[in-house]
Structure formats: C-alpha cells, structure tokens
file my_file.cif (mmCIF, C-alpha atoms and all ligand atoms)
data_work
#
loop_
_atom_site.label_atom_id
_atom_site.label_comp_id
_atom_site.auth_asym_id
_atom_site.auth_seq_id
_atom_site.Cartn_x
_atom_site.Cartn_y
_atom_site.Cartn_z
CA MET A 1 0.00 0.00 0.00
CA HIS A 2 1.27 3.45 -0.90
CA ILE A 3 1.52 5.77 2.12
CA ASP A 4 1.76 9.44 1.21
CA SER A 5 4.97 11.24 2.01
CA PRO A 6 5.10 12.42 5.64
CA GLU A 7 7.07 15.51 4.50
CA ASN A 8 3.93 16.89 2.81
CA LYS A 9 1.43 18.98 4.77
CA ALA A 10 -0.92 16.65 6.65
CA LEU A 11 -4.65 17.15 6.18
CA VAL A 12 -5.70 15.09 9.21
CA GLY A 13 -7.16 17.24 11.97
CA LEU A 14 -8.02 20.14 9.64
CA THR A 15 -11.60 21.36 9.31
CA ALA A 16 -13.32 21.24 5.91
CA ALA A 17 -12.95 25.05 5.71
CA GLU A 18 -9.19 24.79 6.36
CA ILE A 19 -8.85 22.07 3.70
CA ASP A 20 -10.90 24.22 1.28
CA ALA A 21 -8.44 27.10 1.77
CA LEU A 22 -5.54 24.76 0.91
CA PHE A 23 -7.34 23.62 -2.26
CA ALA A 24 -7.68 27.20 -3.59
CA GLY A 25 -5.30 26.67 -6.53
CA PHE A 26 -6.81 23.39 -7.76
CA GLN A 27 -9.88 24.75 -9.58
CA GLN A 28 -12.12 22.14 -8.05
CA PRO A 29 -15.63 22.71 -6.70
CA SER A 30 -15.62 23.67 -3.03
CA TYR A 31 -17.45 20.48 -2.01
CA ARG A 32 -14.20 18.58 -2.69
CA ALA A 33 -12.85 19.79 0.65
CA ARG A 34 -15.78 18.28 2.55
CA GLN A 35 -15.40 15.03 0.59
CA VAL A 36 -11.71 14.82 1.52
CA TYR A 37 -12.47 15.76 5.16
CA LYS A 38 -15.01 12.93 5.35
CA TRP A 39 -12.71 10.36 3.72
CA ILE A 40 -9.97 11.14 6.24
CA HIS A 41 -11.99 11.43 9.44
CA HIS A 42 -15.15 9.42 8.87
CA TYR A 43 -13.87 6.59 6.69
CA GLY A 44 -10.30 6.70 8.00
CA VAL A 45 -8.61 6.07 4.65
CA ARG A 46 -4.82 6.20 4.59
CA THR A 47 -4.29 6.95 0.90
CA PHE A 48 -5.71 9.44 -1.57
CA GLU A 49 -6.24 6.57 -4.05
CA GLU A 50 -9.05 5.29 -1.83
CA MET A 51 -11.04 8.54 -2.21
CA THR A 52 -13.04 7.08 -5.06
CA ASN A 53 -15.49 9.94 -5.56
CA LEU A 54 -12.62 12.32 -6.49
CA PRO A 55 -11.33 12.54 -10.10
CA LYS A 56 -8.23 10.37 -10.51
CA PRO A 57 -5.93 13.24 -11.66
CA PHE A 58 -6.99 15.26 -8.59
CA ARG A 59 -6.17 12.32 -6.30
CA ALA A 60 -2.69 12.20 -7.84
CA GLU A 61 -2.23 15.95 -7.35
CA LEU A 62 -3.28 15.65 -3.71
CA ALA A 63 -0.89 12.74 -3.10
CA ALA A 64 1.97 14.82 -4.51
CA ARG A 65 1.21 17.82 -2.28
CA PHE A 66 -0.35 16.51 0.91
CA SER A 67 -0.11 13.73 3.44
CA LEU A 68 -2.76 11.89 5.47
CA GLN A 69 -0.76 11.04 8.54
CA THR A 70 1.62 12.57 11.04
CA LEU A 71 2.38 9.61 13.34
CA GLN A 72 4.77 6.71 12.88
CA LEU A 73 4.27 3.71 15.14
CA ALA A 74 7.37 3.28 17.32
CA THR A 75 6.21 0.63 19.81
CA ARG A 76 3.04 -1.38 20.34
CA GLN A 77 2.59 -3.42 23.51
CA GLU A 78 -0.45 -5.60 24.17
CA SER A 79 -1.38 -6.65 27.69
CA ILE A 80 -2.83 -10.00 28.62
CA ASP A 81 -6.03 -8.13 29.56
CA GLY A 82 -6.35 -6.74 25.99
CA THR A 83 -5.11 -3.22 26.79
CA ILE A 84 -2.78 -1.96 24.06
CA LYS A 85 -0.24 0.78 24.55
CA TYR A 86 1.09 2.69 21.54
CA LEU A 87 4.19 4.85 21.37
CA TRP A 88 4.08 7.16 18.34
CA GLN A 89 6.93 9.09 16.78
CA LEU A 90 6.04 12.56 15.51
CA ALA A 91 7.52 14.13 12.38
CA GLY A 92 10.07 16.02 14.51
CA GLY A 93 11.25 12.79 16.20
CA GLN A 94 9.49 13.33 19.55
CA HIS A 95 7.29 10.63 21.07
CA ILE A 96 3.77 10.51 22.49
CA GLU A 97 1.60 7.67 23.69
CA SER A 98 -1.98 6.39 23.57
CA VAL A 99 -3.65 3.54 25.44
CA PHE A 100 -6.52 1.44 24.04
CA ILE A 101 -8.75 -0.18 26.66
CA PRO A 102 -11.32 -2.66 25.33
CA GLU A 103 -14.33 -3.62 27.41
CA GLU A 104 -17.37 -5.71 26.61
CA ARG A 105 -19.67 -2.84 25.69
CA ARG A 106 -17.25 -0.02 24.93
CA THR A 107 -13.80 0.78 23.64
CA THR A 108 -11.92 3.58 25.33
CA ILE A 109 -8.77 5.33 24.19
CA CYS A 110 -6.65 7.53 26.41
CA ILE A 111 -4.79 10.03 24.23
CA SER A 112 -2.06 12.66 24.61
CA SER A 113 -2.43 16.40 24.03
CA GLN A 114 1.18 17.57 24.51
CA VAL A 115 4.68 16.13 24.23
CA GLY A 116 5.77 15.96 27.85
CA CYS A 117 4.19 18.27 30.42
CA ALA A 118 5.23 21.37 32.33
CA LEU A 119 3.09 20.80 35.42
CA GLY A 120 5.38 18.50 37.38
CA CYS A 121 2.92 16.30 39.34
CA ALA A 122 5.13 14.32 41.73
CA PHE A 123 3.68 10.89 40.90
CA CYS A 124 3.66 11.27 37.09
CA ALA A 125 6.19 9.75 34.69
CA THR A 126 5.43 12.32 31.97
CA ALA A 127 6.41 15.12 34.34
CA GLN A 128 9.99 13.89 34.18
CA MET A 129 10.21 14.88 30.52
CA GLY A 130 9.30 18.51 31.13
CA PHE A 131 7.28 20.29 28.44
CA LEU A 132 8.50 19.77 24.87
CA SER A 133 5.64 20.91 22.61
CA ASN A 134 1.90 21.13 21.99
CA LEU A 135 0.33 18.58 19.65
CA SER A 136 -1.52 19.77 16.55
CA SER A 137 -5.22 18.91 16.26
CA GLY A 138 -4.16 16.38 13.59
CA GLU A 139 -1.74 14.63 15.93
CA ILE A 140 -4.51 14.42 18.55
CA VAL A 141 -7.20 13.12 16.15
CA GLU A 142 -4.85 10.71 14.41
CA GLN A 143 -4.20 8.77 17.62
CA VAL A 144 -7.86 7.72 17.55
CA LEU A 145 -7.94 7.02 13.82
CA ARG A 146 -4.81 4.87 13.90
CA VAL A 147 -5.97 2.82 16.88
CA GLN A 148 -9.32 2.21 15.19
CA GLN A 149 -7.44 1.01 12.09
CA ASP A 150 -5.07 -1.17 14.11
CA THR A 151 -7.69 -2.82 16.31
CA GLY A 152 -10.53 -2.89 13.77
CA ARG A 153 -12.82 -1.60 16.52
CA LYS A 154 -14.81 1.62 16.61
CA ILE A 155 -13.73 3.81 19.50
CA THR A 156 -16.75 4.74 21.66
CA ASN A 157 -15.02 6.73 24.43
CA VAL A 158 -12.08 9.13 24.32
CA VAL A 159 -10.26 10.48 27.37
CA LEU A 160 -7.69 13.25 27.03
CA MET A 161 -5.68 12.01 29.97
CA GLY A 162 -2.46 10.80 28.34
CA MET A 163 0.65 12.94 28.16
CA GLY A 164 0.16 16.62 28.82
CA GLU A 165 -2.41 19.05 30.21
CA PRO A 166 -5.15 19.47 27.56
CA PHE A 167 -6.24 22.89 28.82
CA LEU A 168 -2.73 24.24 28.16
CA ASN A 169 -3.31 23.37 24.47
CA TYR A 170 -6.92 24.56 24.52
CA SER A 171 -7.78 25.61 20.94
CA ARG A 172 -6.19 22.58 19.26
CA VAL A 173 -7.76 20.20 21.75
CA ILE A 174 -11.21 21.73 21.18
CA GLN A 175 -10.79 21.56 17.38
CA ALA A 176 -9.74 17.89 17.67
CA CYS A 177 -12.76 17.15 19.89
CA ARG A 178 -15.10 18.83 17.40
CA ILE A 179 -13.73 16.67 14.57
CA MET A 180 -14.00 13.56 16.75
CA SER A 181 -17.65 14.33 17.58
CA ASP A 182 -18.68 15.56 14.11
CA PRO A 183 -21.11 13.08 12.47
CA GLU A 184 -19.07 13.55 9.26
CA GLY A 185 -15.86 13.18 11.25
CA LEU A 186 -15.20 10.33 13.68
CA ALA A 187 -18.83 10.44 14.89
CA ILE A 188 -18.04 9.79 18.56
CA ALA A 189 -20.75 11.12 20.91
CA ALA A 190 -19.55 14.46 22.36
CA LYS A 191 -20.45 13.43 25.91
CA LYS A 192 -18.23 10.34 25.50
CA ILE A 193 -15.21 12.57 24.88
CA THR A 194 -13.75 13.60 28.24
CA ILE A 195 -11.21 16.33 28.75
CA SER A 196 -9.28 15.71 31.94
CA THR A 197 -7.53 18.68 33.53
CA VAL A 198 -5.47 19.01 36.69
CA GLY A 199 -7.15 22.35 37.29
CA VAL A 200 -6.36 25.20 34.88
CA VAL A 201 -9.09 27.36 36.41
CA PRO A 202 -9.51 30.05 33.68
CA ARG A 203 -9.89 27.38 31.01
CA ILE A 204 -12.53 25.50 33.10
CA ARG A 205 -14.55 28.73 33.21
CA GLN A 206 -13.99 29.31 29.46
CA PHE A 207 -15.09 25.72 28.73
CA ALA A 208 -18.30 26.41 30.70
CA ASP A 209 -18.88 29.84 29.08
CA GLU A 210 -18.52 28.30 25.62
CA ARG A 211 -20.97 25.57 26.62
CA GLN A 212 -18.70 22.93 25.17
CA PRO A 213 -20.61 19.64 24.76
CA PHE A 214 -17.70 17.43 25.84
CA SER A 215 -17.41 15.94 29.34
CA LEU A 216 -15.08 17.39 31.93
CA ALA A 217 -12.96 15.57 34.51
CA ILE A 218 -10.73 17.15 37.13
CA SER A 219 -7.72 15.28 38.49
CA LEU A 220 -8.04 16.18 42.16
CA HIS A 221 -5.77 13.69 43.99
CA ALA A 222 -5.90 15.60 47.29
CA ALA A 223 -8.72 17.10 49.35
CA THR A 224 -6.75 19.82 51.13
CA GLN A 225 -4.65 22.66 49.76
CA PRO A 226 -1.42 21.73 51.64
CA LEU A 227 -1.52 18.10 50.47
CA ARG A 228 -2.41 19.11 46.92
CA GLN A 229 0.43 21.63 46.84
CA SER A 230 2.86 18.95 48.02
CA ILE A 231 2.11 16.61 45.09
CA MET A 232 0.73 18.95 42.39
CA PRO A 233 2.60 22.23 41.84
CA ILE A 234 -0.34 23.66 39.85
CA ALA A 235 -2.10 24.14 43.21
CA ASP A 236 0.33 27.01 43.91
CA LYS A 237 -1.05 28.94 40.94
CA PHE A 238 -4.67 27.76 41.15
CA PRO A 239 -5.53 26.98 44.79
CA LEU A 240 -8.04 24.27 45.68
CA ASP A 241 -10.77 26.77 46.67
CA ASP A 242 -10.57 28.48 43.26
CA LEU A 243 -10.61 25.10 41.53
CA ILE A 244 -13.74 24.02 43.39
CA ASP A 245 -15.40 27.40 42.66
CA SER A 246 -14.75 26.88 38.94
CA ALA A 247 -16.17 23.34 39.15
CA VAL A 248 -19.33 24.68 40.84
CA TYR A 249 -19.55 27.36 38.11
CA TYR A 250 -19.32 24.64 35.41
CA THR A 251 -21.89 22.30 36.96
CA ARG A 252 -24.39 25.11 37.57
CA LYS A 253 -23.96 26.82 34.21
CA LEU A 254 -24.16 23.62 32.14
CA ARG A 255 -26.29 21.59 34.58
CA LYS A 256 -23.84 18.77 34.02
CA ARG A 257 -22.08 16.39 36.31
CA ILE A 258 -18.32 16.64 36.67
CA THR A 259 -16.00 13.70 37.32
CA PHE A 260 -13.21 14.01 39.86
CA GLU A 261 -10.27 11.65 39.44
CA TYR A 262 -8.38 10.69 42.60
CA VAL A 263 -5.26 8.55 42.31
CA LEU A 264 -4.64 6.57 45.50
CA LEU A 265 -1.05 6.87 46.71
CA ASP A 266 0.02 4.67 49.60
CA ALA A 267 0.37 6.56 52.90
CA VAL A 268 -0.34 9.88 51.16
CA ASN A 269 -4.03 10.53 50.51
CA HIS A 270 -6.32 7.73 51.75
CA SER A 271 -6.69 8.24 55.51
CA LEU A 272 -9.97 8.66 57.37
CA ALA A 273 -9.26 12.40 57.52
CA ASP A 274 -8.73 12.44 53.72
CA ALA A 275 -12.07 10.69 53.22
CA ARG A 276 -13.85 13.21 55.47
CA ALA A 277 -12.17 16.15 53.72
CA LEU A 278 -13.13 14.75 50.31
CA ILE A 279 -16.78 14.35 51.31
CA LYS A 280 -16.92 17.89 52.70
CA LEU A 281 -15.22 19.33 49.60
CA LEU A 282 -17.33 17.60 46.97
CA ALA A 283 -20.69 17.32 48.73
CA PRO A 284 -22.05 20.63 47.31
CA LEU A 285 -21.22 19.53 43.74
CA LYS A 286 -23.09 17.51 41.15
CA CYS A 287 -20.27 15.05 40.65
CA LYS A 288 -18.85 11.56 40.54
CA LEU A 289 -15.60 10.48 42.21
CA ASN A 290 -13.40 8.03 40.35
CA LEU A 291 -10.75 6.41 42.55
CA ILE A 292 -7.69 5.11 40.71
CA PRO A 293 -5.16 2.83 42.42
CA PHE A 294 -1.71 4.22 41.57
CA ASN A 295 0.02 2.36 38.75
CA ASP A 296 3.57 2.03 40.07
CA THR A 297 5.90 4.21 37.98
CA GLY A 298 8.90 3.86 40.24
CA LEU A 299 8.83 7.51 41.35
CA GLY A 300 8.81 6.83 45.06
CA PHE A 301 5.06 6.23 45.34
CA ARG A 302 3.27 2.92 45.78
CA THR A 303 -0.23 1.52 45.39
CA PRO A 304 -2.06 1.06 48.72
CA SER A 305 -2.76 -2.54 49.73
CA GLU A 306 -6.13 -4.11 48.90
CA SER A 307 -7.30 -3.75 52.50
CA LYS A 308 -6.37 -0.05 52.64
CA LEU A 309 -8.13 0.55 49.33
CA LYS A 310 -11.19 -1.26 50.61
CA SER A 311 -11.40 0.73 53.85
CA PHE A 312 -11.15 4.04 51.98
CA VAL A 313 -13.79 3.01 49.43
CA ASP A 314 -16.07 1.68 52.20
CA ILE A 315 -16.00 4.99 54.10
CA LEU A 316 -16.75 6.99 50.97
CA GLU A 317 -19.49 4.66 49.79
CA ALA A 318 -21.15 4.79 53.21
CA LYS A 319 -20.98 8.55 53.73
CA ALA A 320 -20.54 10.38 50.39
CA PRO A 321 -23.63 11.95 48.80
CA PHE A 322 -22.07 11.45 45.34
CA ALA A 323 -21.29 8.33 43.27
CA VAL A 324 -17.94 6.70 43.97
CA THR A 325 -16.23 4.21 41.65
CA LEU A 326 -12.96 2.33 42.01
CA ARG A 327 -11.23 1.93 38.67
CA LYS A 328 -9.68 -1.41 37.89
CA ASN A 329 -6.07 -0.95 36.85
CA ARG A 330 -5.53 -2.17 33.29
CA GLY A 331 -2.37 -3.10 31.46
CA ASN A 332 -0.15 -3.36 34.54
CA ASP A 333 2.15 -5.75 32.67
CA ILE A 334 2.79 -3.19 29.92
CA ALA A 335 3.27 -0.03 31.98
CA ALA A 336 -0.03 1.56 30.95
CA ALA A 337 0.06 4.55 33.29
CA CYS A 338 0.50 8.11 32.05
CA GLY A 339 3.96 8.54 30.52
CA GLN A 340 5.20 5.09 31.48
CA LEU A 341 5.80 3.54 28.07
CA TYR A 342 7.71 6.59 26.93
CA ALA A 343 9.74 6.64 30.14
CA GLN A 344 10.55 2.96 29.75
CA SER A 345 11.53 3.18 26.10
CA ALA A 346 13.59 6.32 26.70
CA ALA A 347 15.33 4.60 29.61
CA ASP A 348 16.13 1.60 27.41
CA GLU A 349 17.26 3.55 24.35
CA LYS A 350 18.69 6.86 25.55
CA PRO A 351 19.11 6.95 29.30
CA ARG A 352 20.51 10.48 29.35
CA PHE A 353 17.44 12.03 27.72
CA ILE A 354 15.12 12.06 30.72
CA ALA A 355 17.87 13.06 33.11
CA ALA A 356 18.76 16.03 30.88
CA LYS A 357 15.14 17.20 30.55
CA THR A 358 14.46 16.79 34.25
CA LYS A 359 17.42 18.92 35.14
CA ALA A 360 16.68 21.54 32.51
CA THR A 361 13.08 22.13 33.60
CA GLY A 362 13.55 21.69 37.32
CA MET A 363 10.74 19.10 37.43
CA VAL A 364 10.51 16.21 39.88
S1 LIG B 1 -0.39 14.14 35.75
FE1 LIG B 1 -0.96 15.20 33.85
S2 LIG B 1 -0.74 17.39 34.38
FE2 LIG B 1 0.40 16.25 35.96
S3 LIG B 1 2.51 16.20 35.18
FE3 LIG B 1 1.46 14.31 34.47
S4 LIG B 1 0.72 14.82 32.43
FE4 LIG B 1 1.17 16.75 33.45
#
call {"tool": "encode", "arguments": {"input": "my_file.cif", "output": "structure tokens", "more": "lines below"}}
Ligand code: SF4
result
Amino acid sequence: MHIDSPENKALVGLTAAEIDALFAGFQQPSYRARQVYKWIHHYGVRTFEEMTNLPKPFRAELAARFSLQTLQLATRQESIDGTIKYLWQLAGGQHIESVFIPEERRTTICISSQVGCALGCAFCATAQMGFLSNLSSGEIVEQVLRVQQDTGRKITNVVLMGMGEPFLNYSRVIQACRIMSDPEGLAIAAKKITISTVGVVPRIRQFADERQPFSLAISLHAATQPLRQSIMPIADKFPLDDLIDSAVYYTRKLRKRITFEYVLLDAVNHSLADARALIKLLAPLKCKLNLIPFNDTGLGFRTPSESKLKSFVDILEAKAPFAVTLRKNRGNDIAAACGQLYAQSAADEKPRFIAAKTKATGMV
C-alpha cells in the first residue's frame, strides 16, 4: 500500500474550511474539501487513491502535495487483559503515547495532548520529561484514527488524559474534539469525549462559558490545599478553593455532572481524615468520584494494599452523597500509566534524555 509522504502537509485534523483554503489553486468545486475531510476522518482512509469519488488526476495531485498522517508507530505493547499501549513518533522525532482499553460494551482510548508536560505532578512519569511541545489537532485526532485502524474496533469513548495538560493546548484540543464528535468526522458522541484537567481554572470557566458539549474531569488527587500543593505544583497557581469554585460554576452553568479523578497513593491521601475532607469538599457539587489505584511508575510512590483501598472506598461509599467508583487498573504488565511507556523506552534507548530534561526544567 502506498503511504503518502510524511514531509507533505498533513490534512488530518483540519476542518473542511481549512482544507478548502488549501485547495484554492486546484480549480475544483468547493465540495471537494468536505469530501476529503469525510474520507480522512469518517472513513479513516490512509491513501488518496481510496477517495473514489474524487477525479483520478486530482487524487494524484493531492498525493503529490499533501499527506494523510503525522504519526509513525514506534512501539506497540499488548497486555494479557487486551489493553494496548502505543508509542508514536512525531515528524520532529518526539514521542507521544496512547492507550486502548477494550471492554465488553465499549472501547476507550486515552490520548495525549502535549509532548511531555510542564506541570510536574510528583507521581507522574510524563512530568519527568518537562514540556517539549503542543500537539496539533491532527496529531490528537490521528491517535484515535490509527488505533481504530489497528484494532478494527470503533472507539466509543475518548479520554484526554495521556501525556500533557489538555487545557494548556486549549484551541487545538477543542478543534480535535469537534472533529471527533462531528457526524461527518469520527462520529463519537460528544459526551463520550472527556477532557481531563489538573485544574487550569480560567480554562474550566472558558469551557463552561462556551458551553462545550464534551465531558469534563478534574484530576483532584488531594482534598486539602497543603496536600495538593505537596504533590501537584499547579495548586500554587490555582488553589483548591478556586478550583472548586470553577467546578461549581461549570456544573451550575451547564447543569452537568463533573468527574473528579483521585489517584490513590500509599500513605499519602487515603486516611480517614482524607475521606472526610473529600466528602466535605465535593458534597455541594453535582459530581462523581473516580478512585484510581496508583500504577507504580517507580517515582517513590506505591499503590495502597487491597485492605487499605477497601477501607477508603467503604468509608466513601457509606458517607458520600455522590457516586464513587474504584477503577480497575488495566495493562499493569505493559506499563499503561500516564507517561510510562515513553519513560521505559527512553530509559532503554537513551538513558541520558530524561535526566537532561528533568534537570533543565527543574521538574521532579
Ligand atoms: S499528571 Fe498530567 S498534568 Fe500532571 S505532570 Fe502528568 S501529564 Fe502533566
């Protein structure tokens, strides 16, 4: 199969209007742009030859000028539980990752929005890379397209919770989400696309003001400001009270539920006092709490034992006025936590890379 040259400008992740502007010199009717947009995003073709409702000479011209992909597969690891972790190489040589999680009734993909991350959460492998760059909307959308092609399964749920903070790449993330939810694009229900932020307060308010149809999750991980500050430096800039105010603003303005993610770190955030503080903090909100046992990344944190997890969940289930779920860890045998595959491959191939970035950015 012919794959178009990656040096050409990629059309994936562009709107039909943006594609139309690029086609200005071709003397083709303007509906060609929408046809191409639909072939790329709805039908997921990987060559211009497959766009059979375009004139053949036009397909050849497009193949000479444009490309349909930006990602090269670097590593693919499949877990015994069916979870698949992908490491992609971008045109500039940097790497990002995506995780495919199949379940009986749905298929979820966790995708990246940035290369590395500037926010330095103490328990996160990606934080060690520092921030390298923002992904384009095409690089975000293509993660979903390529995993659909690889697995042969339609993705039903997307979570922007891979590498990076999506709200620090706001406009490209929103454009990617619009293409993913467009019936002529990837046709994934907007409410099944979740943007997960660690708490960039102005962007949460903007997201609410714009009445974005996508779901919102906040990675909370601590129920008090001092604890949150100790593991998540973003709490210095956007304190917990401001974060909760913005969450209340979102839930009231959109009349939608918000999901709070809470990673359980042994001996850090799962005491009786933590449970009480969590209930007090979230009780006024229309929300759901998703507890996530820490996936050991070797950064000095551990997963709490089963009995500790159970006691924490039991207290919350008995006393919390909101829904509480405990997520089953998937893909433990393939390092499926945020940033882990990249960290592992970088450690194997170029051990100095992470050390250099960590030092340069002052992160964890
Ligand atoms: S948890 Fe998310 S926001 Fe925090 S450092 Fe990792 S990628 Fe960045």
call {"tool": "residues_near_ligand", "arguments": {"input": "my_file.cif", "ligand": "ligand LIG 1 (chain B)", "cutoff": "10 Å", "atoms": "only C-alpha atoms and all ligand atoms", "output": "ChimeraX atom specification"}}
result
/A:112-131,160-168,196-200,219,221,231-234,263,337-339,363-364
call {"tool": "write_last_selection", "arguments": {"input": "my_file.cif", "atoms": "C-alpha atoms", "output": "CSV table (one decimal), keeping the file's coordinate frame"}}
result
chain,number,residue,atom,x,y,z
A,112,SER,CA,-2.1,12.7,24.6
A,113,SER,CA,-2.4,16.4,24.0
A,114,GLN,CA,1.2,17.6,24.5
A,115,VAL,CA,4.7,16.1,24.2
A,116,GLY,CA,5.8,16.0,27.8
A,117,CYS,CA,4.2,18.3,30.4
A,118,ALA,CA,5.2,21.4,32.3
A,119,LEU,CA,3.1,20.8,35.4
A,120,GLY,CA,5.4,18.5,37.4
A,121,CYS,CA,2.9,16.3,39.3
A,122,ALA,CA,5.1,14.3,41.7
A,123,PHE,CA,3.7,10.9,40.9
A,124,CYS,CA,3.7,11.3,37.1
A,125,ALA,CA,6.2,9.8,34.7
A,126,THR,CA,5.4,12.3,32.0
A,127,ALA,CA,6.4,15.1,34.3
A,128,GLN,CA,10.0,13.9,34.2
A,129,MET,CA,10.2,14.9,30.5
A,130,GLY,CA,9.3,18.5,31.1
A,131,PHE,CA,7.3,20.3,28.4
A,160,LEU,CA,-7.7,13.2,27.0
A,161,MET,CA,-5.7,12.0,30.0
A,162,GLY,CA,-2.5,10.8,28.3
A,163,MET,CA,0.6,12.9,28.2
A,164,GLY,CA,0.2,16.6,28.8
A,165,GLU,CA,-2.4,19.0,30.2
A,166,PRO,CA,-5.2,19.5,27.6
A,167,PHE,CA,-6.2,22.9,28.8
A,168,LEU,CA,-2.7,24.2,28.2
A,196,SER,CA,-9.3,15.7,31.9
A,197,THR,CA,-7.5,18.7,33.5
A,198,VAL,CA,-5.5,19.0,36.7
A,199,GLY,CA,-7.2,22.4,37.3
A,200,VAL,CA,-6.4,25.2,34.9
A,219,SER,CA,-7.7,15.3,38.5
A,221,HIS,CA,-5.8,13.7,44.0
A,231,ILE,CA,2.1,16.6,45.1
A,232,MET,CA,0.7,19.0,42.4
A,233,PRO,CA,2.6,22.2,41.8
A,234,ILE,CA,-0.3,23.7,39.8
A,263,VAL,CA,-5.3,8.6,42.3
A,337,ALA,CA,0.1,4.6,33.3
A,338,CYS,CA,0.5,8.1,32.0
A,339,GLY,CA,4.0,8.5,30.5
A,363,MET,CA,10.7,19.1,37.4
A,364,VAL,CA,10.5,16.2,39.9
call {"tool": "residues_around", "arguments": {"input": "my_file.cif", "residues": "A:Leu71", "least_positions_apart": "5", "cutoff": "9 Å", "atoms": "only C-alpha atoms", "output": "PyMOL selection string"}}
result
chain A and resi 6+88-91+139+142-143+146
call {"tool": "residues_around", "arguments": {"input": "my_file.cif", "residues": "A:Gly13", "least_positions_apart": "4", "cutoff": "9 Å", "atoms": "all atoms listed in the file", "output": "number ranges by chain"}}
result
A: 37, 40-41, 136-142, 175-176, 179
call {"tool": "axis_aligned_box", "arguments": {"input": "my_file.cif", "around": "stretch 148-152 of chain A", "padding_each_side": "3 Å", "output": "lines of an AutoDock Vina configuration file"}}
result
center_x = -7.8
center_y = -0.3
center_z = 14.2
size_x = 11.5
size_y = 11.1
size_z = 10.2
call {"tool": "closest_residue", "arguments": {"input": "my_file.cif", "among": "A:Ala74, A:Val36, A:Val248, A:Leu145", "to": "A:Met51", "atoms": "only C-alpha atoms"}}
result
A:Val36
call {"tool": "closest_residue", "arguments": {"input": "my_file.cif", "among": "A:Ser181, A:Gln149, A:Gln28, A:Ser305", "to": "A:Gln212", "atoms": "all atoms listed in the file"}}
result
A:Ser181
call {"tool": "atom_distance", "arguments": {"input": "my_file.cif", "atom1": "atom CA of A:Asn269", "atom2": "atom CA of A:Ile315"}}
result
13.7 Å
call {"tool": "atom_distance", "arguments": {"input": "my_file.cif", "atom1": "atom CA of A:Ala16", "atom2": "atom CA of A:Arg178"}}
result
11.9 Å
call {"tool": "closest_residue", "arguments": {"input": "my_file.cif", "among": "A:Asp209, A:Ala33, A:Lys280, A:Leu62", "to": "A:Ala21", "atoms": "all atoms listed in the file"}}
result
A:Ala33
call {"tool": "atom_distance", "arguments": {"input": "my_file.cif", "atom1": "atom CA of A:Lys38", "atom2": "atom CA of A:Ile101"}}
result
25.8 Å
call {"tool": "closest_residue", "arguments": {"input": "my_file.cif", "among": "A:Ser215, A:Gly300, A:Thr224, A:Asp236", "to": "A:Thr259", "atoms": "only C-alpha atoms"}}
result
A:Ser215
call {"tool": "residues_around", "arguments": {"input": "my_file.cif", "residues": "A:Phe294", "least_positions_apart": "4", "cutoff": "6 Å", "atoms": "all atoms listed in the file", "output": "ChimeraX atom specification"}}
result
/A:263-265,303
call {"tool": "write_last_selection", "arguments": {"input": "my_file.cif", "atoms": "C-alpha atoms", "output": "tab-separated table (two decimals), in the coordinates of the input"}}
result
chain	number	residue	atom	x	y	z
A	263	VAL	CA	-5.26	8.55	42.31
A	264	LEU	CA	-4.64	6.57	45.50
A	265	LEU	CA	-1.05	6.87	46.71
A	303	THR	CA	-0.23	1.52	45.39
call {"tool": "residues_around", "arguments": {"input": "my_file.cif", "residues": "A:Lys191", "least_positions_apart": "3", "cutoff": "12 Å", "atoms": "only C-alpha atoms", "output": "list of chain:residue names"}}
result
A:Thr156, A:Asn157, A:Val158, A:Val159, A:Cys177, A:Arg178, A:Met180, A:Ser181, A:Ala187, A:Ile188, A:Thr194, A:Ile195, A:Gln212, A:Pro213, A:Phe214, A:Ser215, A:Leu216, A:Ala217, A:Lys256, A:Arg257, A:Ile258
call {"tool": "closest_residue", "arguments": {"input": "my_file.cif", "among": "A:Lys9, A:Ala24, A:Gly152, A:His42", "to": "A:Pro183", "atoms": "all atoms listed in the file"}}
result
A:His42
call {"tool": "residues_around", "arguments": {"input": "my_file.cif", "residues": "A:Ser307", "least_positions_apart": "5", "cutoff": "12 Å", "atoms": "only C-alpha atoms", "output": "MDAnalysis selection string"}}
result
chainID A and resid 266 270 312:314
call {"tool": "closest_residue", "arguments": {"input": "my_file.cif", "among": "A:Leu227, A:Ile155, A:Leu68, A:Leu73", "to": "A:Ile19", "atoms": "only C-alpha atoms"}}
result
A:Leu68
